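Visitor: The structure under discussion is supplied below as structure tokens; questions concerning it will follow.
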Amino acid sequence: MKKIQFVLAGSSRGMLLLLSLAIVIVSCSVIGGVNKKQFTFYRNEKLVKLVILLPKGRVEERFRVGSDDGKEQFYDFNDGAVFYIARNTTWPTVNQHRMVQPDMKRSSSSGLTSGTDNNGLYWKEIRLEEFQIGYAYVPATHVNRFDDALNSIRIKQ
């Protein structure tokens, strides 16, 4: 191991490699306690990316793909919270059954629907262009982090 470190430190290419690696490590750990993720799709035959900064934490990523370019990405957190992004889906989103309840908080102008479940956990879904984006099973102590994630969404074409 020492020989490798010496060889890398002695060459300009090695120094550049070490510097690049250090920048990547620092960038990943400094972005304000978040985890950058992308949802990629095609619009008018061009690749488009929806970029989001998820709350920091252990995240398992799942996908569901259907016909007509339907796609849903799930990010499952170790505390049971789920964040999702759906586009052109023919199936209900995680929060779909909650959105039809009569005591629902709803803002029709912003496409926002939110509430709490029977366990006191928070959920929210927004509609942005052709997307349904939301979270579910979030404890009160983490709601701000998940709302920040919703506010971080950027579409890059």
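Numbering starts fresh at 1 for the residues of each chain in the structure tokens, the chains themselves are lettered A, B, ... in the order given, and ligands are numbered from 1 as they appear.
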Within 12 Å of Thr116 of chain A, counting only C-alpha atoms, which residues qualify if same-chain residues fewer than 3 places away don't, as a PyMOL selection string?

Guide: chain A and resi 95+98-99+101+103-105+113+119-125+135-140+143

Visitor: For the selection you just gave me, I'd like the residues written to a file as a PDB file, in the first residue's frame, keeping N, CA and C atoms.

Guide:
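Written output follows (again.pdb):
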```pdb
ATOM      1  N   ASN A  95     -49.381   7.260  -2.584  1.00  0.00           N
ATOM      2  CA  ASN A  95     -50.361   8.056  -1.840  1.00  0.00           C
ATOM      3  C   ASN A  95     -51.735   8.140  -2.496  1.00  0.00           C
ATOM      4  N   ARG A  98     -54.810   7.698  -0.366  1.00  0.00           N
ATOM      5  CA  ARG A  98     -54.985   8.737   0.653  1.00  0.00           C
ATOM      6  C   ARG A  98     -55.603  10.009   0.064  1.00  0.00           C
ATOM      7  N   MET A  99     -55.381  10.234  -1.208  1.00  0.00           N
ATOM      8  CA  MET A  99     -55.798  11.479  -1.840  1.00  0.00           C
ATOM      9  C   MET A  99     -57.303  11.564  -2.077  1.00  0.00           C
ATOM     10  N   GLN A 101     -59.552  10.721   0.283  1.00  0.00           N
ATOM     11  CA  GLN A 101     -60.216  10.835   1.580  1.00  0.00           C
ATOM     12  C   GLN A 101     -60.824  12.227   1.743  1.00  0.00           C
ATOM     13  N   ASP A 103     -61.270  14.231   4.333  1.00  0.00           N
ATOM     14  CA  ASP A 103     -60.650  15.191   5.260  1.00  0.00           C
ATOM     15  C   ASP A 103     -59.244  15.602   4.809  1.00  0.00           C
ATOM     16  N   MET A 104     -59.009  15.568   3.526  1.00  0.00           N
ATOM     17  CA  MET A 104     -57.708  15.794   2.931  1.00  0.00           C
ATOM     18  C   MET A 104     -57.359  17.274   2.840  1.00  0.00           C
ATOM     19  N   LYS A 105     -56.089  17.614   3.154  1.00  0.00           N
ATOM     20  CA  LYS A 105     -55.576  18.958   2.888  1.00  0.00           C
ATOM     21  C   LYS A 105     -55.254  18.997   1.396  1.00  0.00           C
ATOM     22  N   THR A 113     -51.105  17.821  -2.533  1.00  0.00           N
ATOM     23  CA  THR A 113     -52.010  17.143  -1.612  1.00  0.00           C
ATOM     24  C   THR A 113     -51.159  16.571  -0.497  1.00  0.00           C
ATOM     25  N   ASN A 119     -51.119   6.453  11.699  1.00  0.00           N
ATOM     26  CA  ASN A 119     -50.014   6.329  12.654  1.00  0.00           C
ATOM     27  C   ASN A 119     -49.350   7.673  12.951  1.00  0.00           C
ATOM     28  N   GLY A 120     -49.911   8.760  12.422  1.00  0.00           N
ATOM     29  CA  GLY A 120     -49.334  10.083  12.645  1.00  0.00           C
ATOM     30  C   GLY A 120     -48.136  10.384  11.765  1.00  0.00           C
ATOM     31  N   LEU A 121     -47.903   9.552  10.745  1.00  0.00           N
ATOM     32  CA  LEU A 121     -46.794   9.777   9.822  1.00  0.00           C
ATOM     33  C   LEU A 121     -47.273  10.644   8.660  1.00  0.00           C
ATOM     34  N   TYR A 122     -46.383  11.472   8.155  1.00  0.00           N
ATOM     35  CA  TYR A 122     -46.740  12.447   7.133  1.00  0.00           C
ATOM     36  C   TYR A 122     -46.553  11.898   5.724  1.00  0.00           C
ATOM     37  N   TRP A 123     -47.362  12.433   4.820  1.00  0.00           N
ATOM     38  CA  TRP A 123     -47.244  12.111   3.407  1.00  0.00           C
ATOM     39  C   TRP A 123     -47.591  13.357   2.598  1.00  0.00           C
ATOM     40  N   LYS A 124     -47.070  13.403   1.378  1.00  0.00           N
ATOM     41  CA  LYS A 124     -47.339  14.539   0.492  1.00  0.00           C
ATOM     42  C   LYS A 124     -47.126  14.089  -0.946  1.00  0.00           C
ATOM     43  N   GLU A 125     -47.934  14.645  -1.850  1.00  0.00           N
ATOM     44  CA  GLU A 125     -47.724  14.403  -3.275  1.00  0.00           C
ATOM     45  C   GLU A 125     -47.961  15.699  -4.028  1.00  0.00           C
ATOM     46  N   TYR A 135     -43.833  11.734  -0.963  1.00  0.00           N
ATOM     47  CA  TYR A 135     -43.258  10.905   0.090  1.00  0.00           C
ATOM     48  C   TYR A 135     -44.371  10.385   0.977  1.00  0.00           C
ATOM     49  N   ALA A 136     -44.060   9.333   1.723  1.00  0.00           N
ATOM     50  CA  ALA A 136     -45.019   8.730   2.650  1.00  0.00           C
ATOM     51  C   ALA A 136     -44.266   8.137   3.830  1.00  0.00           C
ATOM     52  N   TYR A 137     -45.010   7.924   4.928  1.00  0.00           N
ATOM     53  CA  TYR A 137     -44.473   7.277   6.138  1.00  0.00           C
ATOM     54  C   TYR A 137     -43.327   8.072   6.779  1.00  0.00           C
ATOM     55  N   VAL A 138     -43.424   9.393   6.734  1.00  0.00           N
ATOM     56  CA  VAL A 138     -42.356  10.258   7.247  1.00  0.00           C
ATOM     57  C   VAL A 138     -42.718  10.747   8.645  1.00  0.00           C
ATOM     58  N   PRO A 139     -41.843  10.512   9.643  1.00  0.00           N
ATOM     59  CA  PRO A 139     -42.111  11.027  10.990  1.00  0.00           C
ATOM     60  C   PRO A 139     -42.017  12.555  11.014  1.00  0.00           C
ATOM     61  N   ALA A 140     -42.705  13.171  11.960  1.00  0.00           N
ATOM     62  CA  ALA A 140     -42.756  14.636  12.065  1.00  0.00           C
ATOM     63  C   ALA A 140     -41.362  15.254  12.130  1.00  0.00           C
ATOM     64  N   VAL A 143     -40.031  15.754   8.420  1.00  0.00           N
ATOM     65  CA  VAL A 143     -40.863  16.365   7.374  1.00  0.00           C
ATOM     66  C   VAL A 143     -40.124  17.486   6.648  1.00  0.00           C
TER      67      VAL A 143
END
```

Visitor: When you count only C-alpha atoms, which of these residues is closest to Arg62 of chain A: A:Trp91, A:Phe41, A:Phe146, A:Tyr84?

Guide: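 Closest candidate: A:Tyr84.
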
Visitor: As JSON, numbers by chain, please: the residues near Ser67 of chain A (cut-off 9 Å, only C-alpha atoms, same-chain neighbours under 6 positions excluded).

Guide: {"A": [88, 89, 90]}

Visitor: Report, in Å with one decimal, the straight-line distance from atom CA of Val59 of chain A to atom CA of Asn78 of chain A.

Guide: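 Computing the Euclidean distance for atom CA of Val59 of chain A and atom CA of Asn78 of chain A yields 6.7 Å.
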
Visitor: Between atom CA of Val51 of chain A and atom CA of Arg127 of chain A, what is the distance in Å, rounded to a tenth?

Guide: 15.4 Å

Visitor: Compile the contact shell of Leu128 of chain A as a ChimeraX atom specification: residues with an atom at most 12 Å away, counting only C-alpha atoms, same-chain residues fewer than 5 positions apart removed.

Guide: /A:50,85-87,109-112,133-134,150-151,153-155

Visitor: Do you know which residues are at most 10 Å from Arg145 of chain A counting only C-alpha atoms, after dropping those on the same chain fewer than 4 positions away, and could you put them as a list in words?

Guide: Gly33, Val34, Leu53, Leu54, Pro55, Lys56, Val138, Thr141, Ala149, Leu150 and Asn151 of chain A

Visitor: For Arg58 of chain A, please output as an NGL selection string all residues within 10 Å (counting only C-alpha atoms; exclusion window: fewer than 5 positions along the same chain).

Guide: :A and (35 or 75-79)

Visitor: So which bits of segment 32-149 of chain A end up strand (DSSP E or B) when you DSSP the backbone, as an NGL selection string?

Guide: :A and (34-43 or 46-55 or 59-65 or 71-77 or 82-87 or 105-107 or 112-116 or 122-128 or 131-138)

Visitor: Between atom CA of Asp117 of chain A and atom CA of Gln96 of chain A, measure the distance and give it in Å to one decimal.

Guide: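 About the pair atom CA of Asp117 of chain A and atom CA of Gln96 of chain A: they are 12.6 Å apart.
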
Visitor: Restricting the calculation to only C-alpha atoms, which member of A:Asp148, A:Gly66, A:Val82, A:Lys37 is positioned closest to Ile52 of chain A?

Guide: A:Lys37
